[in-house]
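Asker: As input, take target32.pdb (PDB, N, CA, C and O atoms):
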```pdb
ATOM      1  N   MET O   1     -63.170   8.572   3.694
ATOM      2  CA  MET O   1     -62.705   8.132   2.393
ATOM      3  C   MET O   1     -61.182   8.080   2.348
ATOM      4  O   MET O   1     -60.632   7.191   1.741
ATOM      5  N   LYS O   2     -60.529   9.054   2.998
ATOM      6  CA  LYS O   2     -59.071   9.079   3.012
ATOM      7  C   LYS O   2     -58.505   7.870   3.741
ATOM      8  O   LYS O   2     -57.480   7.317   3.337
ATOM      9  N   LYS O   3     -59.189   7.431   4.793
ATOM     10  CA  LYS O   3     -58.719   6.262   5.547
ATOM     11  C   LYS O   3     -58.791   5.005   4.703
ATOM     12  O   LYS O   3     -57.883   4.183   4.721
ATOM     13  N   VAL O   4     -59.856   4.843   3.949
ATOM     14  CA  VAL O   4     -60.012   3.671   3.080
ATOM     15  C   VAL O   4     -58.926   3.677   2.006
ATOM     16  O   VAL O   4     -58.300   2.645   1.727
ATOM     17  N   LEU O   5     -58.683   4.812   1.414
ATOM     18  CA  LEU O   5     -57.650   4.925   0.389
ATOM     19  C   LEU O   5     -56.277   4.604   0.973
ATOM     20  O   LEU O   5     -55.484   3.890   0.352
ATOM     21  N   PHE O   6     -56.009   5.108   2.186
ATOM     22  CA  PHE O   6     -54.731   4.834   2.832
ATOM     23  C   PHE O   6     -54.567   3.343   3.121
ATOM     24  O   PHE O   6     -53.494   2.779   2.903
ATOM     25  N   ILE O   7     -55.623   2.679   3.576
ATOM     26  CA  ILE O   7     -55.567   1.239   3.862
ATOM     27  C   ILE O   7     -55.331   0.451   2.584
ATOM     28  O   ILE O   7     -54.509  -0.470   2.558
ATOM     29  N   VAL O   8     -56.014   0.811   1.521
ATOM     30  CA  VAL O   8     -55.831   0.125   0.242
ATOM     31  C   VAL O   8     -54.396   0.293  -0.252
ATOM     32  O   VAL O   8     -53.757  -0.669  -0.700
ATOM     33  N   LEU O   9     -53.854   1.484  -0.171
ATOM     34  CA  LEU O   9     -52.475   1.724  -0.609
ATOM     35  C   LEU O   9     -51.481   0.954   0.263
ATOM     36  O   LEU O   9     -50.484   0.426  -0.241
ATOM     37  N   ALA O  10     -51.735   0.881   1.566
ATOM     38  CA  ALA O  10     -50.850   0.147   2.468
ATOM     39  C   ALA O  10     -50.859  -1.346   2.144
ATOM     40  O   ALA O  10     -49.806  -1.990   2.119
ATOM     41  N   VAL O  11     -52.023  -1.900   1.879
ATOM     42  CA  VAL O  11     -52.128  -3.318   1.526
ATOM     43  C   VAL O  11     -51.408  -3.594   0.213
ATOM     44  O   VAL O  11     -50.690  -4.587   0.079
ATOM     45  N   MET O  12     -51.572  -2.722  -0.756
ATOM     46  CA  MET O  12     -50.888  -2.896  -2.044
ATOM     47  C   MET O  12     -49.374  -2.827  -1.870
ATOM     48  O   MET O  12     -48.634  -3.591  -2.482
ATOM     49  N   ALA O  13     -48.888  -1.920  -1.051
ATOM     50  CA  ALA O  13     -47.448  -1.779  -0.825
ATOM     51  C   ALA O  13     -46.887  -3.010  -0.125
ATOM     52  O   ALA O  13     -45.813  -3.508  -0.488
ATOM     53  N   LEU O  14     -47.593  -3.523   0.857
ATOM     54  CA  LEU O  14     -47.116  -4.706   1.570
ATOM     55  C   LEU O  14     -47.164  -5.959   0.697
ATOM     56  O   LEU O  14     -46.287  -6.811   0.787
ATOM     57  N   SER O  15     -48.162  -6.066  -0.146
ATOM     58  CA  SER O  15     -48.246  -7.246  -1.002
ATOM     59  C   SER O  15     -47.177  -7.225  -2.084
ATOM     60  O   SER O  15     -46.735  -8.271  -2.551
ATOM     61  N   SER O  16     -46.727  -6.059  -2.485
ATOM     62  CA  SER O  16     -45.675  -5.982  -3.500
ATOM     63  C   SER O  16     -44.313  -6.337  -2.922
ATOM     64  O   SER O  16     -43.389  -6.644  -3.661
ATOM     65  N   CYS O  17     -44.174  -6.327  -1.597
ATOM     66  CA  CYS O  17     -42.908  -6.688  -0.959
ATOM     67  C   CYS O  17     -42.743  -8.188  -0.793
ATOM     68  O   CYS O  17     -41.671  -8.650  -0.434
ATOM     69  N   ALA O  18     -43.797  -8.945  -1.012
ATOM     70  CA  ALA O  18     -43.715 -10.396  -0.857
ATOM     71  C   ALA O  18     -42.738 -10.966  -1.876
ATOM     72  O   ALA O  18     -42.721 -10.574  -3.039
ATOM     73  N   LYS O  19     -41.924 -11.891  -1.419
ATOM     74  CA  LYS O  19     -40.915 -12.486  -2.283
ATOM     75  C   LYS O  19     -41.571 -13.548  -3.164
ATOM     76  O   LYS O  19     -42.164 -14.490  -2.648
ATOM     77  N   PRO O  20     -41.501 -13.398  -4.479
ATOM     78  CA  PRO O  20     -42.143 -14.374  -5.360
ATOM     79  C   PRO O  20     -41.402 -15.702  -5.329
ATOM     80  O   PRO O  20     -40.180 -15.741  -5.184
ATOM     81  N   ASP O  21     -42.144 -16.794  -5.462
ATOM     82  CA  ASP O  21     -41.517 -18.108  -5.479
ATOM     83  C   ASP O  21     -41.499 -18.710  -6.880
ATOM     84  O   ASP O  21     -41.025 -19.808  -7.081
ATOM     85  N   LYS O  22     -42.010 -17.955  -7.848
ATOM     86  CA  LYS O  22     -42.026 -18.436  -9.229
ATOM     87  C   LYS O  22     -41.577 -17.324 -10.170
ATOM     88  O   LYS O  22     -41.629 -16.153  -9.839
ATOM     89  N   CYS O  23     -41.146 -17.739 -11.341
ATOM     90  CA  CYS O  23     -40.720 -16.808 -12.379
ATOM     91  C   CYS O  23     -41.485 -17.110 -13.664
ATOM     92  O   CYS O  23     -41.787 -18.263 -13.960
ATOM     93  N   LYS O  24     -41.801 -16.054 -14.410
ATOM     94  CA  LYS O  24     -42.393 -16.219 -15.734
ATOM     95  C   LYS O  24     -41.289 -15.952 -16.739
ATOM     96  O   LYS O  24     -40.696 -14.879 -16.755
ATOM     97  N   CYS O  25     -41.013 -16.956 -17.567
ATOM     98  CA  CYS O  25     -39.857 -16.878 -18.461
ATOM     99  C   CYS O  25     -40.246 -17.021 -19.923
ATOM    100  O   CYS O  25     -41.255 -17.614 -20.264
ATOM    101  N   LYS O  26     -39.354 -16.485 -20.754
ATOM    102  CA  LYS O  26     -39.466 -16.614 -22.202
ATOM    103  C   LYS O  26     -38.183 -17.284 -22.683
ATOM    104  O   LYS O  26     -37.087 -16.785 -22.449
ATOM    105  N   PHE O  27     -38.324 -18.453 -23.304
ATOM    106  CA  PHE O  27     -37.187 -19.195 -23.837
ATOM    107  C   PHE O  27     -37.131 -19.018 -25.342
ATOM    108  O   PHE O  27     -38.148 -19.077 -26.016
ATOM    109  N   GLU O  28     -35.927 -18.819 -25.874
ATOM    110  CA  GLU O  28     -35.736 -18.747 -27.320
ATOM    111  C   GLU O  28     -34.571 -19.638 -27.700
ATOM    112  O   GLU O  28     -33.464 -19.497 -27.165
ATOM    113  N   LEU O  29     -34.818 -20.577 -28.614
ATOM    114  CA  LEU O  29     -33.772 -21.455 -29.134
ATOM    115  C   LEU O  29     -33.627 -21.187 -30.621
ATOM    116  O   LEU O  29     -34.606 -21.218 -31.367
ATOM    117  N   ASN O  30     -32.409 -20.907 -31.045
ATOM    118  CA  ASN O  30     -32.116 -20.631 -32.454
ATOM    119  C   ASN O  30     -30.986 -21.549 -32.886
ATOM    120  O   ASN O  30     -29.823 -21.256 -32.672
ATOM    121  N   ALA O  31     -31.333 -22.655 -33.489
ATOM    122  CA  ALA O  31     -30.332 -23.628 -33.919
ATOM    123  C   ALA O  31     -30.541 -23.951 -35.393
ATOM    124  O   ALA O  31     -31.246 -24.899 -35.747
ATOM    125  N   GLY O  32     -29.934 -23.162 -36.243
ATOM    126  CA  GLY O  32     -30.035 -23.410 -37.672
ATOM    127  C   GLY O  32     -31.472 -23.344 -38.164
ATOM    128  O   GLY O  32     -32.095 -22.296 -38.159
ATOM    129  N   ALA O  33     -32.008 -24.482 -38.587
ATOM    130  CA  ALA O  33     -33.367 -24.536 -39.122
ATOM    131  C   ALA O  33     -34.421 -24.540 -38.015
ATOM    132  O   ALA O  33     -35.592 -24.333 -38.274
ATOM    133  N   LEU O  34     -33.995 -24.761 -36.782
ATOM    134  CA  LEU O  34     -34.927 -24.851 -35.662
ATOM    135  C   LEU O  34     -34.984 -23.522 -34.915
ATOM    136  O   LEU O  34     -34.026 -23.108 -34.281
ATOM    137  N   ASP O  35     -36.107 -22.829 -35.018
ATOM    138  CA  ASP O  35     -36.353 -21.610 -34.254
ATOM    139  C   ASP O  35     -37.552 -21.881 -33.359
ATOM    140  O   ASP O  35     -38.662 -22.064 -33.847
ATOM    141  N   LEU O  36     -37.312 -21.890 -32.062
ATOM    142  CA  LEU O  36     -38.361 -22.216 -31.109
ATOM    143  C   LEU O  36     -38.431 -21.124 -30.063
ATOM    144  O   LEU O  36     -37.420 -20.688 -29.534
ATOM    145  N   SER O  37     -39.640 -20.668 -29.771
ATOM    146  CA  SER O  37     -39.844 -19.637 -28.764
ATOM    147  C   SER O  37     -40.991 -20.067 -27.862
ATOM    148  O   SER O  37     -42.086 -20.355 -28.339
ATOM    149  N   LEU O  38     -40.721 -20.148 -26.563
ATOM    150  CA  LEU O  38     -41.746 -20.487 -25.576
ATOM    151  C   LEU O  38     -41.948 -19.279 -24.687
ATOM    152  O   LEU O  38     -41.021 -18.833 -24.013
ATOM    153  N   LYS O  39     -43.154 -18.755 -24.660
ATOM    154  CA  LYS O  39     -43.451 -17.560 -23.868
ATOM    155  C   LYS O  39     -44.299 -17.934 -22.666
ATOM    156  O   LYS O  39     -45.040 -18.909 -22.692
ATOM    157  N   ASP O  40     -44.201 -17.127 -21.629
ATOM    158  CA  ASP O  40     -45.016 -17.260 -20.422
ATOM    159  C   ASP O  40     -44.916 -18.635 -19.775
ATOM    160  O   ASP O  40     -45.913 -19.206 -19.342
ATOM    161  N   GLN O  41     -43.703 -19.163 -19.695
ATOM    162  CA  GLN O  41     -43.465 -20.426 -19.010
ATOM    163  C   GLN O  41     -43.218 -20.138 -17.538
ATOM    164  O   GLN O  41     -42.346 -19.337 -17.199
ATOM    165  N   ILE O  42     -43.956 -20.781 -16.650
ATOM    166  CA  ILE O  42     -43.831 -20.565 -15.210
ATOM    167  C   ILE O  42     -42.906 -21.625 -14.638
ATOM    168  O   ILE O  42     -43.144 -22.822 -14.816
ATOM    169  N   ILE O  43     -41.826 -21.180 -13.988
ATOM    170  CA  ILE O  43     -40.877 -22.102 -13.368
ATOM    171  C   ILE O  43     -40.654 -21.694 -11.915
ATOM    172  O   ILE O  43     -40.938 -20.567 -11.530
ATOM    173  N   GLU O  44     -40.156 -22.629 -11.117
ATOM    174  CA  GLU O  44     -39.828 -22.341  -9.720
ATOM    175  C   GLU O  44     -38.590 -21.455  -9.679
ATOM    176  O   GLU O  44     -37.636 -21.662 -10.419
ATOM    177  N   ARG O  45     -38.606 -20.460  -8.801
ATOM    178  CA  ARG O  45     -37.458 -19.575  -8.649
ATOM    179  C   ARG O  45     -36.410 -20.256  -7.791
ATOM    180  O   ARG O  45     -36.716 -20.781  -6.727
ATOM    181  N   PRO O  46     -35.149 -20.275  -8.237
ATOM    182  CA  PRO O  46     -34.078 -20.820  -7.396
ATOM    183  C   PRO O  46     -33.957 -20.025  -6.101
ATOM    184  O   PRO O  46     -34.175 -18.814  -6.086
ATOM    185  N   GLU O  47     -33.620 -20.688  -5.016
ATOM    186  CA  GLU O  47     -33.535 -20.046  -3.704
ATOM    187  C   GLU O  47     -32.502 -18.922  -3.669
ATOM    188  O   GLU O  47     -32.687 -17.928  -3.002
ATOM    189  N   ASP O  48     -31.401 -19.099  -4.371
ATOM    190  CA  ASP O  48     -30.286 -18.163  -4.259
ATOM    191  C   ASP O  48     -30.232 -17.107  -5.361
ATOM    192  O   ASP O  48     -29.270 -16.362  -5.443
ATOM    193  N   LYS O  49     -31.265 -17.031  -6.218
ATOM    194  CA  LYS O  49     -31.231 -16.084  -7.332
ATOM    195  C   LYS O  49     -32.549 -15.343  -7.472
ATOM    196  O   LYS O  49     -33.594 -15.822  -7.062
ATOM    197  N   LYS O  50     -32.452 -14.172  -8.102
ATOM    198  CA  LYS O  50     -33.644 -13.443  -8.517
ATOM    199  C   LYS O  50     -34.055 -13.978  -9.887
ATOM    200  O   LYS O  50     -33.244 -14.563 -10.602
ATOM    201  N   CYS O  51     -35.278 -13.732 -10.261
ATOM    202  CA  CYS O  51     -35.745 -14.193 -11.574
ATOM    203  C   CYS O  51     -34.917 -13.585 -12.710
ATOM    204  O   CYS O  51     -34.608 -14.252 -13.688
ATOM    205  N   SER O  52     -34.557 -12.332 -12.563
ATOM    206  CA  SER O  52     -33.790 -11.663 -13.617
ATOM    207  C   SER O  52     -32.364 -12.186 -13.733
ATOM    208  O   SER O  52     -31.689 -11.930 -14.724
ATOM    209  N   GLN O  53     -31.898 -12.951 -12.749
ATOM    210  CA  GLN O  53     -30.533 -13.487 -12.765
ATOM    211  C   GLN O  53     -30.451 -14.891 -13.347
ATOM    212  O   GLN O  53     -29.357 -15.426 -13.492
ATOM    213  N   ILE O  54     -31.580 -15.497 -13.676
ATOM    214  CA  ILE O  54     -31.571 -16.859 -14.218
ATOM    215  C   ILE O  54     -30.947 -16.840 -15.605
ATOM    216  O   ILE O  54     -31.271 -16.006 -16.442
ATOM    217  N   LYS O  55     -30.043 -17.770 -15.834
ATOM    218  CA  LYS O  55     -29.386 -17.906 -17.131
ATOM    219  C   LYS O  55     -29.789 -19.237 -17.747
ATOM    220  O   LYS O  55     -30.254 -20.137 -17.064
ATOM    221  N   ILE O  56     -29.566 -19.368 -19.024
ATOM    222  CA  ILE O  56     -29.922 -20.603 -19.725
ATOM    223  C   ILE O  56     -29.130 -21.792 -19.176
ATOM    224  O   ILE O  56     -29.603 -22.916 -19.182
ATOM    225  N   GLU O  57     -27.939 -21.533 -18.631
ATOM    226  CA  GLU O  57     -27.121 -22.612 -18.070
ATOM    227  C   GLU O  57     -27.745 -23.188 -16.795
ATOM    228  O   GLU O  57     -27.416 -24.297 -16.391
ATOM    229  N   ASP O  58     -28.629 -22.435 -16.148
ATOM    230  CA  ASP O  58     -29.253 -22.894 -14.910
ATOM    231  C   ASP O  58     -30.356 -23.920 -15.142
ATOM    232  O   ASP O  58     -30.777 -24.594 -14.208
ATOM    233  N   ILE O  59     -30.847 -24.022 -16.378
ATOM    234  CA  ILE O  59     -31.908 -24.967 -16.701
ATOM    235  C   ILE O  59     -31.252 -26.296 -17.053
ATOM    236  O   ILE O  59     -30.529 -26.410 -18.020
ATOM    237  N   LYS O  60     -31.515 -27.304 -16.231
ATOM    238  CA  LYS O  60     -30.914 -28.623 -16.445
ATOM    239  C   LYS O  60     -32.020 -29.667 -16.511
ATOM    240  O   LYS O  60     -32.990 -29.605 -15.763
ATOM    241  N   GLY O  61     -31.857 -30.616 -17.393
ATOM    242  CA  GLY O  61     -32.804 -31.717 -17.484
ATOM    243  C   GLY O  61     -32.462 -32.794 -16.471
ATOM    244  O   GLY O  61     -31.325 -32.900 -16.013
ATOM    245  N   GLU O  62     -33.441 -33.610 -16.123
ATOM    246  CA  GLU O  62     -33.192 -34.671 -15.160
ATOM    247  C   GLU O  62     -32.555 -35.878 -15.818
ATOM    248  O   GLU O  62     -31.805 -36.607 -15.186
ATOM    249  N   ILE O  63     -32.843 -36.100 -17.089
ATOM    250  CA  ILE O  63     -32.308 -37.278 -17.775
ATOM    251  C   ILE O  63     -31.086 -36.921 -18.610
ATOM    252  O   ILE O  63     -30.050 -37.554 -18.520
ATOM    253  N   VAL O  64     -31.199 -35.881 -19.415
ATOM    254  CA  VAL O  64     -30.118 -35.472 -20.317
ATOM    255  C   VAL O  64     -29.768 -34.022 -20.038
ATOM    256  O   VAL O  64     -30.635 -33.186 -19.861
ATOM    257  N   SER O  65     -28.483 -33.727 -19.991
ATOM    258  CA  SER O  65     -28.044 -32.352 -19.807
ATOM    259  C   SER O  65     -27.416 -31.863 -21.109
ATOM    260  O   SER O  65     -26.426 -32.412 -21.572
ATOM    261  N   ILE O  66     -28.008 -30.846 -21.707
ATOM    262  CA  ILE O  66     -27.531 -30.291 -22.972
ATOM    263  C   ILE O  66     -27.121 -28.850 -22.736
ATOM    264  O   ILE O  66     -27.834 -28.098 -22.068
ATOM    265  N   ASP O  67     -25.981 -28.443 -23.282
ATOM    266  CA  ASP O  67     -25.524 -27.064 -23.161
ATOM    267  C   ASP O  67     -26.308 -26.198 -24.143
ATOM    268  O   ASP O  67     -26.036 -26.178 -25.334
ATOM    269  N   LEU O  68     -27.294 -25.473 -23.635
ATOM    270  CA  LEU O  68     -28.148 -24.638 -24.472
ATOM    271  C   LEU O  68     -27.623 -23.217 -24.623
ATOM    272  O   LEU O  68     -28.194 -22.431 -25.368
ATOM    273  N   SER O  69     -26.547 -22.878 -23.924
ATOM    274  CA  SER O  69     -26.066 -21.498 -23.938
ATOM    275  C   SER O  69     -25.597 -21.047 -25.316
ATOM    276  O   SER O  69     -25.611 -19.856 -25.604
ATOM    277  N   LYS O  70     -25.211 -21.952 -26.180
ATOM    278  CA  LYS O  70     -24.722 -21.582 -27.502
ATOM    279  C   LYS O  70     -25.854 -21.360 -28.501
ATOM    280  O   LYS O  70     -25.664 -20.714 -29.515
ATOM    281  N   ILE O  71     -27.036 -21.896 -28.205
ATOM    282  CA  ILE O  71     -28.131 -21.791 -29.169
ATOM    283  C   ILE O  71     -29.389 -21.136 -28.613
ATOM    284  O   ILE O  71     -30.364 -20.986 -29.329
ATOM    285  N   GLY O  72     -29.373 -20.732 -27.340
ATOM    286  CA  GLY O  72     -30.606 -20.201 -26.783
ATOM    287  C   GLY O  72     -30.401 -19.084 -25.788
ATOM    288  O   GLY O  72     -29.295 -18.761 -25.385
ATOM    289  N   SER O  73     -31.525 -18.496 -25.401
ATOM    290  CA  SER O  73     -31.513 -17.442 -24.395
ATOM    291  C   SER O  73     -32.775 -17.548 -23.549
ATOM    292  O   SER O  73     -33.753 -18.187 -23.934
ATOM    293  N   ILE O  74     -32.731 -16.901 -22.397
ATOM    294  CA  ILE O  74     -33.866 -16.918 -21.484
ATOM    295  C   ILE O  74     -34.017 -15.530 -20.869
ATOM    296  O   ILE O  74     -33.025 -14.844 -20.620
ATOM    297  N   ASP O  75     -35.254 -15.119 -20.669
ATOM    298  CA  ASP O  75     -35.554 -13.835 -20.047
ATOM    299  C   ASP O  75     -36.684 -14.077 -19.051
ATOM    300  O   ASP O  75     -37.771 -14.509 -19.441
ATOM    301  N   CYS O  76     -36.431 -13.814 -17.761
ATOM    302  CA  CYS O  76     -37.418 -14.098 -16.715
ATOM    303  C   CYS O  76     -37.765 -12.860 -15.896
ATOM    304  O   CYS O  76     -36.925 -11.998 -15.693
ATOM    305  N   VAL O  77     -38.996 -12.834 -15.419
ATOM    306  CA  VAL O  77     -39.480 -11.776 -14.520
ATOM    307  C   VAL O  77     -40.226 -12.449 -13.368
ATOM    308  O   VAL O  77     -40.613 -13.609 -13.461
ATOM    309  N   ASN O  78     -40.422 -11.722 -12.285
ATOM    310  CA  ASN O  78     -41.151 -12.239 -11.131
ATOM    311  C   ASN O  78     -42.584 -12.571 -11.518
ATOM    312  O   ASN O  78     -43.191 -11.898 -12.352
ATOM    313  N   TYR O  79     -43.118 -13.608 -10.867
ATOM    314  CA  TYR O  79     -44.493 -14.021 -11.127
ATOM    315  C   TYR O  79     -45.177 -14.317  -9.802
ATOM    316  O   TYR O  79     -44.625 -15.038  -8.973
ATOM    317  N   GLN O  80     -46.333 -13.734  -9.604
ATOM    318  CA  GLN O  80     -47.130 -14.018  -8.412
ATOM    319  C   GLN O  80     -48.529 -14.405  -8.849
ATOM    320  O   GLN O  80     -49.103 -13.771  -9.721
ATOM    321  N   GLU O  81     -49.029 -15.456  -8.239
ATOM    322  CA  GLU O  81     -50.363 -15.932  -8.581
ATOM    323  C   GLU O  81     -51.430 -15.101  -7.940
ATOM    324  O   GLU O  81     -51.307 -14.537  -6.942
TER     325      GLU O  81
END
```
Will you turn the file into structure tokens for me?
Answerer:
Amino acid sequence: MKKVLFIVLAVMALSSCAKPDKCKCKFELNAGALDLSLKDQIIERPEDKKCSQIKIEDIKGEIVSIDLSKIGSIDCVNYQE
């Protein structure tokens, strides 16, 4: 029984070391009459950053680029499927 428990703990420890490739984020926009909150949004993690280091300035649109730093915030954590 001890061997099985040790193997299970070892597998759990090794799987927690895997580098996540996605982040689960919460976006909040507060612009006067517009209050918008998006929770549990899954985005690709940038290669050079941790999920906790993502800032609202890092989110860019492909067609239009709007400076959201004055009206919004973002909070991200690691996400593994």
Asker: I'd like to see the residues matched by the PyMOL selection byres ((chain O and resi 74) around 6) on this file, and ideally I'd get them as a list of chain:residue names.
Answerer: O:Lys26, O:Phe27, O:Glu28, O:Ile54, O:Lys55, O:Ile56, O:Gly72, O:Ser73, O:Asp75, O:Cys76
Asker: How many Å separate atom O of Ser52 in chain O from atom C of Leu36 in chain O?
Answerer: 19.1 Å
Asker: Kindly give the distance, in Å, that separates CA of Gln41 in chain O and CA of Cys25 in chain O, rounded to a single decimal.
Answerer: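 Computing it gives 5.1 Å between the two atoms.
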Asker: Would you mind listing what lies within 10 Å of Pro46 in chain O as a ChimeraX atom specification, with only C-alpha atoms counted and same-chain residues fewer than 2 positions away left out?
Answerer: /O:21-23,43-44,48-51,53-54,58
Asker: Have a look at CA of Ile42 in chain O and atom O of Leu29 in chain O and let me know their distance in Å, one decimal.
Answerer: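 Between CA of Ile42 in chain O and atom O of Leu29 in chain O the gap works out to 18.6 Å.
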Asker: Pick the closest to Ala31 in chain O from O:Ile71, O:Ile7, O:Glu57, O:Arg45: which is it, counting all atoms listed in the file?
Answerer: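 Of the candidates, the smallest distance to Ala31 in chain O is held by O:Ile71.
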